[in-house]
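The file structure21.cif contains mmCIF, C-alpha atoms and all ligand atoms:
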data_entry
#
loop_
_atom_site.label_atom_id
_atom_site.label_comp_id
_atom_site.auth_asym_id
_atom_site.auth_seq_id
_atom_site.Cartn_x
_atom_site.Cartn_y
_atom_site.Cartn_z
CA MET M 1 92.17 37.76 84.01
CA LEU M 2 91.03 40.44 81.57
CA GLY M 3 90.34 37.57 79.16
CA GLU M 4 87.78 36.19 81.63
CA ILE M 5 85.69 39.34 81.37
CA ARG M 6 82.57 38.65 79.29
CA GLY M 7 81.70 42.33 78.87
CA GLU M 8 83.81 44.80 76.90
CA VAL M 9 87.48 45.63 77.44
CA ARG M 10 88.98 48.51 75.44
CA PHE M 11 92.38 50.13 75.54
CA LYS M 12 93.04 53.88 75.27
CA GLU M 13 89.30 54.55 75.17
CA PRO M 14 88.57 58.32 74.93
CA LEU M 15 86.52 59.23 77.97
CA SER M 16 85.05 62.17 76.06
CA PHE M 17 82.74 59.50 74.59
CA HIS M 18 81.48 58.69 78.09
CA THR M 19 81.02 62.05 79.81
CA SER M 20 78.11 64.48 79.43
CA LEU M 21 80.64 67.33 79.04
CA ARG M 22 82.12 65.47 76.02
CA ILE M 23 85.58 66.10 77.48
CA GLY M 24 88.26 63.74 78.74
CA GLY M 25 91.46 61.99 77.64
CA PRO M 26 91.83 58.22 77.27
CA ALA M 27 91.39 55.53 79.89
CA ASP M 28 94.31 53.08 79.71
CA ILE M 29 91.97 50.13 80.27
CA PHE M 30 88.24 50.67 79.93
CA VAL M 31 85.92 47.91 81.10
CA VAL M 32 82.17 47.70 80.64
CA PRO M 33 81.38 44.67 82.81
CA GLN M 34 78.44 42.42 82.07
CA ASP M 35 77.83 41.33 85.63
CA VAL M 36 79.26 41.31 89.16
CA ASP M 37 81.72 38.52 88.27
CA ASP M 38 83.18 40.73 85.53
CA ILE M 39 83.67 43.51 88.08
CA ARG M 40 85.44 41.00 90.34
CA HIS M 41 87.78 39.94 87.52
CA ALA M 42 88.61 43.58 86.76
CA LEU M 43 89.27 44.34 90.45
CA LYS M 44 91.50 41.25 90.79
CA PHE M 45 93.41 42.18 87.65
CA ALA M 46 93.94 45.73 88.93
CA GLU M 47 95.10 44.44 92.31
CA ARG M 48 97.56 41.98 90.75
CA GLU M 49 98.97 44.63 88.41
CA GLN M 50 98.83 47.29 91.16
CA LEU M 51 96.74 49.58 88.99
CA PRO M 52 94.32 52.20 90.30
CA VAL M 53 90.60 51.65 89.64
CA ALA M 54 88.04 54.36 88.92
CA VAL M 55 84.32 53.61 88.69
CA ILE M 56 82.02 55.71 86.58
CA GLY M 57 78.30 55.60 85.89
CA GLY M 58 76.76 57.84 83.23
CA GLY M 59 79.62 60.38 83.43
CA ASN M 60 77.16 63.21 84.13
CA ASN M 61 79.10 64.73 86.98
CA LEU M 62 82.63 64.21 85.77
CA LEU M 63 85.43 66.41 84.51
CA VAL M 64 88.08 64.06 83.13
CA ARG M 65 91.42 65.78 82.59
CA ASP M 66 92.93 65.93 79.09
CA ARG M 67 95.70 63.34 79.55
CA GLY M 68 93.18 60.76 80.66
CA VAL M 69 93.07 58.16 83.40
CA ARG M 70 95.79 55.68 84.24
CA GLY M 71 94.81 52.19 85.32
CA VAL M 72 91.36 50.66 84.98
CA VAL M 73 88.11 52.54 84.45
CA LEU M 74 84.99 50.50 85.16
CA ARG M 75 81.89 51.90 83.53
CA LEU M 76 78.73 50.62 85.14
CA GLU M 77 76.16 52.29 82.89
CA GLY M 78 74.65 49.47 80.86
CA CYS M 79 75.61 46.84 83.45
CA LEU M 80 73.51 45.77 86.47
CA GLY M 81 70.66 47.50 84.69
CA ARG M 82 67.60 45.78 86.24
CA ALA M 83 65.13 46.99 88.84
CA GLU M 84 62.42 45.04 90.65
CA TYR M 85 59.46 46.37 92.58
CA HIS M 86 58.13 44.58 95.66
CA GLY M 87 55.44 46.16 97.82
CA GLU M 88 56.53 49.75 98.33
CA GLU M 89 60.19 49.10 97.61
CA ALA M 90 62.50 49.06 94.58
CA LEU M 91 65.59 46.88 94.34
CA ALA M 92 67.80 48.46 91.69
CA GLY M 93 71.16 47.62 90.13
CA ALA M 94 73.85 50.32 90.04
CA GLY M 95 73.59 50.64 86.24
CA VAL M 96 69.85 51.39 86.19
CA SER M 97 69.07 54.84 84.85
CA LEU M 98 67.48 56.99 87.56
CA SER M 99 64.91 58.41 85.15
CA ALA M 100 63.99 54.91 83.89
CA LEU M 101 63.50 53.81 87.49
CA ILE M 102 61.20 56.77 88.23
CA ARG M 103 59.17 55.97 85.08
CA GLU M 104 58.99 52.22 85.74
CA ALA M 105 57.97 52.75 89.36
CA ALA M 106 55.27 55.21 88.28
CA ALA M 107 53.85 52.61 85.89
CA VAL M 108 53.13 50.37 88.92
CA ASN M 109 51.77 53.33 90.91
CA LEU M 110 54.89 53.83 93.01
CA GLY M 111 56.28 57.30 93.55
CA GLY M 112 57.60 59.55 96.28
CA ILE M 113 60.92 60.13 94.52
CA GLU M 114 59.68 62.68 91.99
CA CYS M 115 62.06 65.28 93.46
CA LEU M 116 64.84 63.38 91.62
CA VAL M 117 63.25 63.78 88.19
CA GLY M 118 65.50 65.17 85.47
CA ILE M 119 68.79 64.31 87.17
CA PRO M 120 70.82 62.38 84.58
CA ALA M 121 72.32 59.50 86.53
CA THR M 122 72.81 55.81 87.02
CA ILE M 123 71.70 54.57 90.42
CA GLY M 124 75.38 54.02 91.38
CA GLY M 125 76.30 57.59 90.42
CA ALA M 126 73.21 58.99 92.13
CA LEU M 127 74.12 57.13 95.35
CA ALA M 128 77.81 58.12 95.23
CA MET M 129 76.85 61.78 94.72
CA ASN M 130 73.72 61.71 96.90
CA ALA M 131 72.05 63.35 93.92
CA GLY M 132 69.13 65.58 94.67
CA THR M 133 67.42 68.92 94.62
CA PRO M 134 66.35 71.35 97.34
CA ASP M 135 63.24 69.13 97.73
CA GLY M 136 65.14 65.96 98.62
CA TRP M 137 68.06 63.74 97.79
CA ILE M 138 68.34 60.04 97.00
CA GLY M 139 69.75 59.25 100.46
CA ASP M 140 66.32 60.12 101.92
CA PHE M 141 64.88 57.00 100.25
CA VAL M 142 67.69 54.46 100.62
CA SER M 143 67.22 51.56 103.04
CA ALA M 144 70.25 49.50 101.95
CA VAL M 145 73.24 49.83 99.64
CA TYR M 146 75.03 46.79 98.18
CA PHE M 147 78.68 47.08 97.23
CA LEU M 148 81.78 45.12 96.35
CA HIS M 149 84.80 45.46 98.59
CA PRO M 150 88.10 45.79 96.68
CA ASP M 151 88.65 42.05 97.40
CA GLY M 152 85.44 41.21 95.50
CA THR M 153 83.26 40.24 98.48
CA ILE M 154 79.75 41.70 98.67
CA GLY M 155 78.82 44.01 101.50
CA GLU M 156 75.50 45.47 102.65
CA PHE M 157 75.40 48.93 104.12
CA LYS M 158 72.41 50.17 106.11
CA PRO M 159 72.54 53.96 106.02
CA SER M 160 72.09 55.88 109.26
CA THR M 161 72.14 59.57 110.09
CA GLY M 162 75.19 61.14 108.46
CA SER M 163 75.72 58.38 105.87
CA PHE M 164 74.39 60.70 103.17
CA THR M 165 75.31 64.39 103.31
CA TYR M 166 75.13 67.22 100.77
CA ARG M 167 76.35 65.65 97.50
CA ALA M 168 78.25 62.90 99.28
CA PHE M 169 77.74 59.30 100.37
CA HIS M 170 80.17 58.12 103.00
CA ALA M 171 80.58 54.61 101.58
CA PRO M 172 83.23 52.17 102.77
CA GLU M 173 86.64 53.05 101.24
CA GLY M 174 87.13 51.68 97.71
CA ALA M 175 83.58 50.30 97.50
CA VAL M 176 82.08 49.65 94.07
CA LEU M 177 78.37 50.27 94.52
CA VAL M 178 76.33 47.54 92.82
CA GLY M 179 72.77 48.29 93.89
CA CYS M 180 70.36 49.54 96.52
CA ARG M 181 66.90 49.32 98.01
CA LEU M 182 64.72 52.40 97.79
CA ARG M 183 61.59 53.15 99.84
CA LEU M 184 58.75 54.32 97.60
CA GLN M 185 55.11 55.28 98.21
CA ARG M 186 51.85 54.22 96.58
CA ARG M 187 50.69 57.07 94.36
CA PRO M 188 48.36 57.23 91.35
CA LEU M 189 50.19 57.27 88.02
CA ALA M 190 48.37 60.43 86.89
CA ASP M 191 49.55 62.39 89.97
CA ILE M 192 53.14 61.22 89.47
CA GLN M 193 53.07 62.13 85.77
CA LYS M 194 51.69 65.58 86.54
CA GLU M 195 54.47 66.26 89.03
CA ILE M 196 57.12 64.90 86.63
CA ARG M 197 55.92 67.23 83.86
CA GLN M 198 55.98 70.26 86.19
CA ARG M 199 59.48 69.48 87.45
CA LEU M 200 60.90 68.85 83.96
CA LYS M 201 59.39 72.12 82.72
CA GLN M 202 60.99 73.99 85.64
CA LYS M 203 64.39 72.36 84.96
CA LYS M 204 64.21 73.16 81.25
CA SER M 205 63.44 76.81 81.93
CA THR M 206 66.35 77.28 84.37
CA GLN M 207 69.14 74.97 83.13
CA PRO M 208 71.05 74.88 79.80
CA LEU M 209 69.90 71.37 78.97
CA ALA M 210 70.55 71.66 75.23
CA LEU M 211 74.30 72.08 75.75
CA ALA M 212 76.95 69.68 77.03
CA SER M 213 77.62 70.18 80.76
CA ALA M 214 78.18 68.27 83.97
CA GLY M 215 75.41 69.98 85.93
CA CYS M 216 76.30 72.35 88.75
CA VAL M 217 80.03 72.93 88.97
CA TRP M 218 80.04 74.23 92.55
CA LYS M 219 78.38 73.18 95.77
CA ASN M 220 76.16 75.86 97.24
CA PRO M 221 77.90 77.45 100.22
CA PRO M 222 75.84 77.32 103.45
CA GLY M 223 72.85 79.67 103.21
CA ASP M 224 73.68 80.89 99.70
CA ALA M 225 73.62 79.84 96.05
CA ALA M 226 76.86 79.47 94.11
CA ALA M 227 75.04 80.64 90.94
CA ARG M 228 74.15 83.95 92.64
CA LEU M 229 77.75 84.57 93.70
CA VAL M 230 79.16 83.74 90.25
CA GLU M 231 76.57 85.96 88.56
CA LYS M 232 77.26 88.88 90.95
CA CYS M 233 80.93 88.68 89.92
CA GLY M 234 79.87 89.37 86.34
CA LEU M 235 81.03 85.99 85.10
CA LYS M 236 77.85 84.81 83.36
CA GLY M 237 78.72 84.22 79.71
CA LYS M 238 82.50 84.35 80.36
CA ARG M 239 84.12 82.24 77.65
CA LEU M 240 87.43 80.49 77.16
CA ASN M 241 87.74 78.71 73.82
CA GLY M 242 84.78 76.32 73.71
CA ALA M 243 84.04 76.55 77.45
CA GLU M 244 81.49 79.04 78.75
CA ILE M 245 79.94 79.92 82.09
CA SER M 246 76.32 79.44 81.08
CA THR M 247 74.28 82.53 80.32
CA LYS M 248 71.22 80.63 81.57
CA HIS M 249 72.54 79.31 84.89
CA ALA M 250 75.80 80.70 86.27
CA ASN M 251 76.62 77.48 88.16
CA PHE M 252 76.88 75.52 84.89
CA ILE M 253 79.91 75.52 82.59
CA VAL M 254 78.94 74.38 79.12
CA ASN M 255 81.03 72.96 76.30
CA ARG M 256 80.00 74.87 73.18
CA GLY M 257 82.30 72.65 71.12
CA GLY M 258 85.97 71.83 71.31
CA ALA M 259 86.46 72.78 74.97
CA THR M 260 89.22 70.97 76.85
CA ALA M 261 89.42 70.08 80.52
CA ALA M 262 92.15 72.74 80.79
CA ASP M 263 89.65 75.37 79.55
CA ILE M 264 87.06 74.31 82.13
CA LEU M 265 89.66 74.23 84.91
CA ALA M 266 90.88 77.73 83.97
CA LEU M 267 87.30 79.06 84.15
CA MET M 268 86.89 77.33 87.50
CA ASP M 269 90.12 78.92 88.82
CA LEU M 270 88.97 82.35 87.67
CA THR M 271 85.54 81.86 89.30
CA ARG M 272 87.04 80.64 92.57
CA GLU M 273 89.40 83.63 92.73
CA ARG M 274 86.74 86.24 91.84
CA VAL M 275 84.14 84.85 94.25
CA HIS M 276 86.72 84.72 97.02
CA ALA M 277 87.87 88.28 96.31
CA HIS M 278 84.27 89.66 96.25
CA PHE M 279 82.60 87.65 98.98
CA GLY M 280 85.37 85.95 100.99
CA VAL M 281 83.72 82.60 100.14
CA THR M 282 85.80 79.67 98.88
CA LEU M 283 83.71 77.67 96.44
CA GLU M 284 84.04 73.90 96.55
CA PRO M 285 83.54 71.86 93.36
CA GLU M 286 80.48 69.64 93.13
CA ILE M 287 81.74 67.99 89.93
CA ARG M 288 84.23 65.18 90.40
CA LEU M 289 87.65 65.46 88.77
CA LEU M 290 89.32 62.38 87.35
CA GLY M 291 92.62 61.69 85.66
CA GLU M 292 95.73 63.67 84.87
C1 LIG J 301 72.12 68.71 82.80
C2 LIG J 301 72.50 68.17 84.15
C3 LIG J 301 71.70 68.44 85.24
C4 LIG J 301 72.04 67.94 86.51
N1 LIG J 301 71.21 68.21 87.57
C5 LIG J 301 71.52 67.70 88.78
C6 LIG J 301 70.64 67.91 89.91
O1 LIG J 301 69.59 68.55 89.80
N2 LIG J 301 71.02 67.38 91.10
C7 LIG J 301 72.15 66.64 91.27
O2 LIG J 301 72.42 66.17 92.37
N3 LIG J 301 72.99 66.44 90.23
C8 LIG J 301 72.70 66.93 89.00
N4 LIG J 301 73.56 66.71 87.94
C9 LIG J 301 74.81 65.96 88.15
C10 LIG J 301 74.66 64.44 87.90
O3 LIG J 301 73.50 64.18 87.16
C11 LIG J 301 74.60 63.67 89.23
O4 LIG J 301 75.73 63.90 90.04
C12 LIG J 301 74.48 62.14 89.02
O5 LIG J 301 74.28 61.55 90.26
C13 LIG J 301 75.70 61.55 88.33
O6 LIG J 301 75.43 60.19 88.07
P1 LIG J 301 76.33 59.37 87.04
O7 LIG J 301 75.83 57.99 86.99
O8 LIG J 301 76.41 60.09 85.76
O9 LIG J 301 77.73 59.39 87.82
P2 LIG J 301 79.19 59.75 87.26
O10 LIG J 301 79.19 61.16 86.83
O11 LIG J 301 79.64 58.74 86.29
O12 LIG J 301 80.05 59.61 88.60
C14 LIG J 301 79.89 60.53 89.66
C15 LIG J 301 80.70 60.03 90.86
O13 LIG J 301 80.13 58.83 91.33
C16 LIG J 301 81.10 57.79 91.36
N5 LIG J 301 80.40 56.54 90.99
C17 LIG J 301 79.57 56.38 89.94
N6 LIG J 301 79.08 55.12 89.95
C18 LIG J 301 79.64 54.49 91.01
C19 LIG J 301 79.54 53.17 91.54
N7 LIG J 301 78.74 52.25 90.98
N8 LIG J 301 80.27 52.85 92.62
C20 LIG J 301 81.07 53.78 93.21
N9 LIG J 301 81.20 55.05 92.77
C21 LIG J 301 80.49 55.39 91.67
C22 LIG J 301 82.16 58.20 90.36
O14 LIG J 301 83.41 57.64 90.69
C23 LIG J 301 82.14 59.71 90.53
O15 LIG J 301 82.95 60.10 91.64
C24 LIG J 301 73.23 67.18 86.67
C25 LIG J 301 74.04 66.91 85.55
C26 LIG J 301 73.69 67.38 84.31
C27 LIG J 301 74.56 67.08 83.12
#

Please rewrite the model in this file as structure tokens.
Ligand SMILES: Cc1cc2nc3c(=O)[nH]c(=O)nc-3n(C[C@H](O)[C@H](O)[C@H](O)COP(=O)(O)OP(=O)(O)OC[C@H]3O[C@@H](n4cnc5c(N)ncnc54)[C@H](O)[C@@H]3O)c2cc1C
Amino acid sequence: MLGEIRGEVRFKEPLSFHTSLRIGGPADIFVVPQDVDDIRHALKFAEREQLPVAVIGGGNNLLVRDRGVRGVVLRLEGCLGRAEYHGEEALAGAGVSLSALIREAAAVNLGGIECLVGIPATIGGALAMNAGTPDGWIGDFVSAVYFLHPDGTIGEFKPSTGSFTYRAFHAPEGAVLVGCRLRLQRRPLADIQKEIRQRLKQKKSTQPLALASAGCVWKNPPGDAAARLVEKCGLKGKRLNGAEISTKHANFIVNRGGATAADILALMDLTRERVHAHFGVTLEPEIRLLGE
């Protein structure tokens, strides 16, 4: 069945090559599918061999543990990478880059989703995480999500209230997201470009974009900002080997070179304990952990 896959199949592929943190042990079987049929073959193979399946997009929100991931890892970045624009709507594959979609839509005078500018993501990863900013999240614009059930059949999901919540999409269990429809708005290109420039400038001035990270480590607790709590505990700049709580944004942990997942996890444990001791707040991770 793996032989039927037309995309790439690699064994013991280091996931540090596929995460923005540049950390992560090997995936036993790493598949970059070429199309939906390839995904089906990989799912069937995993089912027959009783192997777990993990789906990743751009790896921008992932902490993969040092011993890697058992079973099959499906990487959708670079697959299902087309978007079409009809009227005021985009139909996008799960592997489309979010920033490319925003740029392409702008070129045909479609906007409305500028609040998502600067979030490194595939559409699949953005949907799964309900990626966003205080000004809006992707779920606000989604009219339909297309996915593969574990048995390979295609499903359509029409989101309703509660389908998308803070950094979560309540998709059907085991679904591999393959695309979505997004509602856009007619807007002049010049206005969109102006807003994009402003938002990117703001991001650059507040986030450590030059260093490897996975974005915000913690979800903001209700009514507060995790970065504020971490900073008040005096943890900004705290370092463990190559891992550091960013001096620029206390909710980021950066890899200054050679950091392991164990280093990041140790800094996370320390942060969780200190914030709990000072404020009685238990921080919840926003980044997704994978592997062993
Ligand atoms: C510098 C930086 C800044 C960031 N800023 C923001 C920000 O402002 N706002 C924000 O929300 N996030 C931010 N992030 C985090 C990250 O960009 C988002 O979470 C993004 O949505 C991750 O997309 P991805 O394709 O890289 O997903 P991945 O990291 O590869 O995966 C994330 C999760 O989605 C699941 N997933 C991915 N694709 C699929 C699929 N096709 N089907 C089913 N499940 C899937 C994975 O299993 C995993 O659980 C930032 C990250 C970085 C590095």

For this session: Go through the chains and note each residue within 6 Å of ligand LIG 301 (chain J), using only C-alpha atoms and all ligand atoms, then give the set as JSON, numbers by chain.
Result: {"M": [20, 54, 55, 56, 57, 58, 59, 60, 61, 62, 94, 119, 120, 121, 122, 124, 125, 126, 128, 129, 131, 132, 133, 176, 177, 178, 209, 213, 214, 215, 288]}

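Here the residues that fall within 12 Å of (86.1, 84.3, 78.0), using only C-alpha atoms, are given as M:Gly234, M:Leu235, M:Lys236, M:Gly237, M:Lys238, M:Arg239, M:Leu240, M:Asn241, M:Gly242, M:Ala243, M:Glu244, M:Ile245, M:Ser246, M:Ile253, M:Ala259, M:Asp263, M:Ile264, M:Ala266, M:Leu267, M:Met268, M:Leu270, M:Thr271.
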
Each residue of stretch 58-138 of chain M lying at most 10 Å from stretch 41-48 of chain M should get a row with its shortest atom-to-atom pair and the distance in Å to one decimal, counting only C-alpha atoms; could you produce that, ordered by chain and increasing number, as a tab-separated table?
residue	atom	partner	partner_atom	distance
M:Gly71	CA	M:Ala46	CA	7.5
M:Val72	CA	M:Ala46	CA	6.8
M:Val73	CA	M:Ala42	CA	9.3
M:Leu74	CA	M:Ala42	CA	8.0

Would you write out those residues with C-alpha atoms, as a PDB file, keeping the file's coordinate frame?
ATOM      1  CA  GLY M  71      94.810  52.190  85.320  1.00  0.00           C
ATOM      2  CA  VAL M  72      91.360  50.660  84.980  1.00  0.00           C
ATOM      3  CA  VAL M  73      88.110  52.540  84.450  1.00  0.00           C
ATOM      4  CA  LEU M  74      84.990  50.500  85.160  1.00  0.00           C
TER       5      LEU M  74
END

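Close contacts of M:Ser16, defined as residues with an atom at most 10 Å away when counting all atoms listed in the file, with chain neighbours fewer than 6 positions off set aside, comprise Arg22, Ile23, Gly24, Gly25, Pro26, Ala27, Gly59, Leu63, Val64, Arg65, Asp66, Gly68 and Thr260 of chain M.
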
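Between M:Asp191 and the residues M:Ala171, M:Val217, M:Ala106, M:Ala261, the shortest atom-to-atom distance, using only C-alpha atoms, involves M:Ala106.
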
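When atom CA of M:Asp28 is paired with atom CA of M:Gly78, their separation reads 20.0 Å.
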
For this session: Can you work out which one of M:Val230, M:Leu80, M:Val142, M:Met1 has the shortest atom-to-atom distance to M:Arg183, counting only C-alpha atoms?
Result: M:Val142

Polymer residues at most 9 Å from M:Gly152, only C-alpha atoms, same-chain spacing of 2 or more positions, as a short mmCIF file (atom, residue, chain, number, x, y, z; two decimals) with C-alpha atoms, in the coordinates of the input:
data_model
loop_
_atom_site.label_atom_id
_atom_site.label_comp_id
_atom_site.auth_asym_id
_atom_site.auth_seq_id
_atom_site.Cartn_x
_atom_site.Cartn_y
_atom_site.Cartn_z
CA VAL M 36 79.26 41.31 89.16
CA ASP M 37 81.72 38.52 88.27
CA ILE M 39 83.67 43.51 88.08
CA ARG M 40 85.44 41.00 90.34
CA HIS M 41 87.78 39.94 87.52
CA LEU M 43 89.27 44.34 90.45
CA LYS M 44 91.50 41.25 90.79
CA LEU M 148 81.78 45.12 96.35
CA HIS M 149 84.80 45.46 98.59
CA PRO M 150 88.10 45.79 96.68
CA ILE M 154 79.75 41.70 98.67
#

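Picture a line from atom CA of M:Asn220 to atom CA of M:Thr161; it runs 21.1 Å.
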
Problem set entry | Test item: residues at most 12 Å from M:Glu104, all atoms listed in the file, excluding those fewer than 3 positions along its chain, as a PyMOL selection string | chain M and resi 82-85+90+92+96-101+107-111+113+189+192-193

Exercise. Could you pull the residues within 12 Å of M:Lys204, counting all atoms listed in the file, minus those fewer than 5 positions along the same chain, as a PyMOL selection string?
Worked result: chain M and resi 117-119+197-199+209-211+248-249

Problem set entry | Nearest-residue call for M:Ala227, choices M:Phe252, M:Ile102, M:Gly87, M:Gly162, using all atoms listed in the file | M:Phe252

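Compared by their closest atoms to M:Tyr146, and using only C-alpha atoms, the residues M:Leu182, M:Leu116, M:Ile29, M:Asp269 rank with M:Leu182 nearest.
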
Calculate, to one decimal in Å, the centre and edge lengths of the box along x, y and z of the file that holds all listed atoms of stretch 121-140 of chain M with 6 Å of margin on each side, and present them as AutoDock Vina command-line options.
--center_x 70.5 --center_y 62.7 --center_z 94.2 --size_x 26.6 --size_y 29.3 --size_z 27.4

Output file request: stretch 200-237 of chain M, with C-alpha atoms, as an mmCIF file, in the first residue's frame.
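Contents of decode01.cif, freshly written:
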data_model
loop_
_atom_site.group_PDB
_atom_site.id
_atom_site.type_symbol
_atom_site.label_atom_id
_atom_site.label_comp_id
_atom_site.auth_asym_id
_atom_site.auth_seq_id
_atom_site.Cartn_x
_atom_site.Cartn_y
_atom_site.Cartn_z
ATOM 1 C CA LEU M 200 3.469 42.820 9.933
ATOM 2 C CA LYS M 201 5.317 45.807 11.399
ATOM 3 C CA GLN M 202 3.441 45.377 14.686
ATOM 4 C CA LYS M 203 4.223 41.636 14.777
ATOM 5 C CA LYS M 204 7.900 42.226 14.036
ATOM 6 C CA SER M 205 8.206 44.761 16.839
ATOM 7 C CA THR M 206 6.605 42.498 19.468
ATOM 8 C CA GLN M 207 7.596 38.924 18.518
ATOM 9 C CA PRO M 208 11.048 37.257 18.201
ATOM 10 C CA LEU M 209 10.563 36.441 14.525
ATOM 11 C CA ALA M 210 14.278 36.058 13.761
ATOM 12 C CA LEU M 211 14.615 33.055 16.091
ATOM 13 C CA ALA M 212 13.188 29.536 15.882
ATOM 14 C CA SER M 213 9.973 29.200 17.909
ATOM 15 C CA ALA M 214 6.496 27.716 17.771
ATOM 16 C CA GLY M 215 4.662 30.961 18.506
ATOM 17 C CA CYS M 216 2.888 31.394 21.823
ATOM 18 C CA VAL M 217 3.552 28.499 24.159
ATOM 19 C CA TRP M 218 0.588 29.140 26.461
ATOM 20 C CA LYS M 219 -3.053 29.996 25.958
ATOM 21 C CA ASN M 220 -4.043 33.274 27.552
ATOM 22 C CA PRO M 221 -6.037 32.586 30.717
ATOM 23 C CA PRO M 222 -9.482 34.254 30.756
ATOM 24 C CA GLY M 223 -9.115 38.031 31.125
ATOM 25 C CA ASP M 224 -5.312 37.975 31.270
ATOM 26 C CA ALA M 225 -2.223 37.502 29.116
ATOM 27 C CA ALA M 226 0.088 34.553 29.693
ATOM 28 C CA ALA M 227 3.064 36.737 28.649
ATOM 29 C CA ARG M 228 2.290 39.192 31.477
ATOM 30 C CA LEU M 229 2.153 36.423 34.078
ATOM 31 C CA VAL M 230 5.407 34.811 32.878
ATOM 32 C CA GLU M 231 7.163 38.186 32.825
ATOM 33 C CA LYS M 232 5.926 39.084 36.343
ATOM 34 C CA CYS M 233 7.508 35.844 37.585
ATOM 35 C CA GLY M 234 10.870 37.133 36.377
ATOM 36 C CA LEU M 235 11.241 34.403 33.780
ATOM 37 C CA LYS M 236 11.926 36.534 30.698
ATOM 38 C CA GLY M 237 15.332 35.506 29.355
#
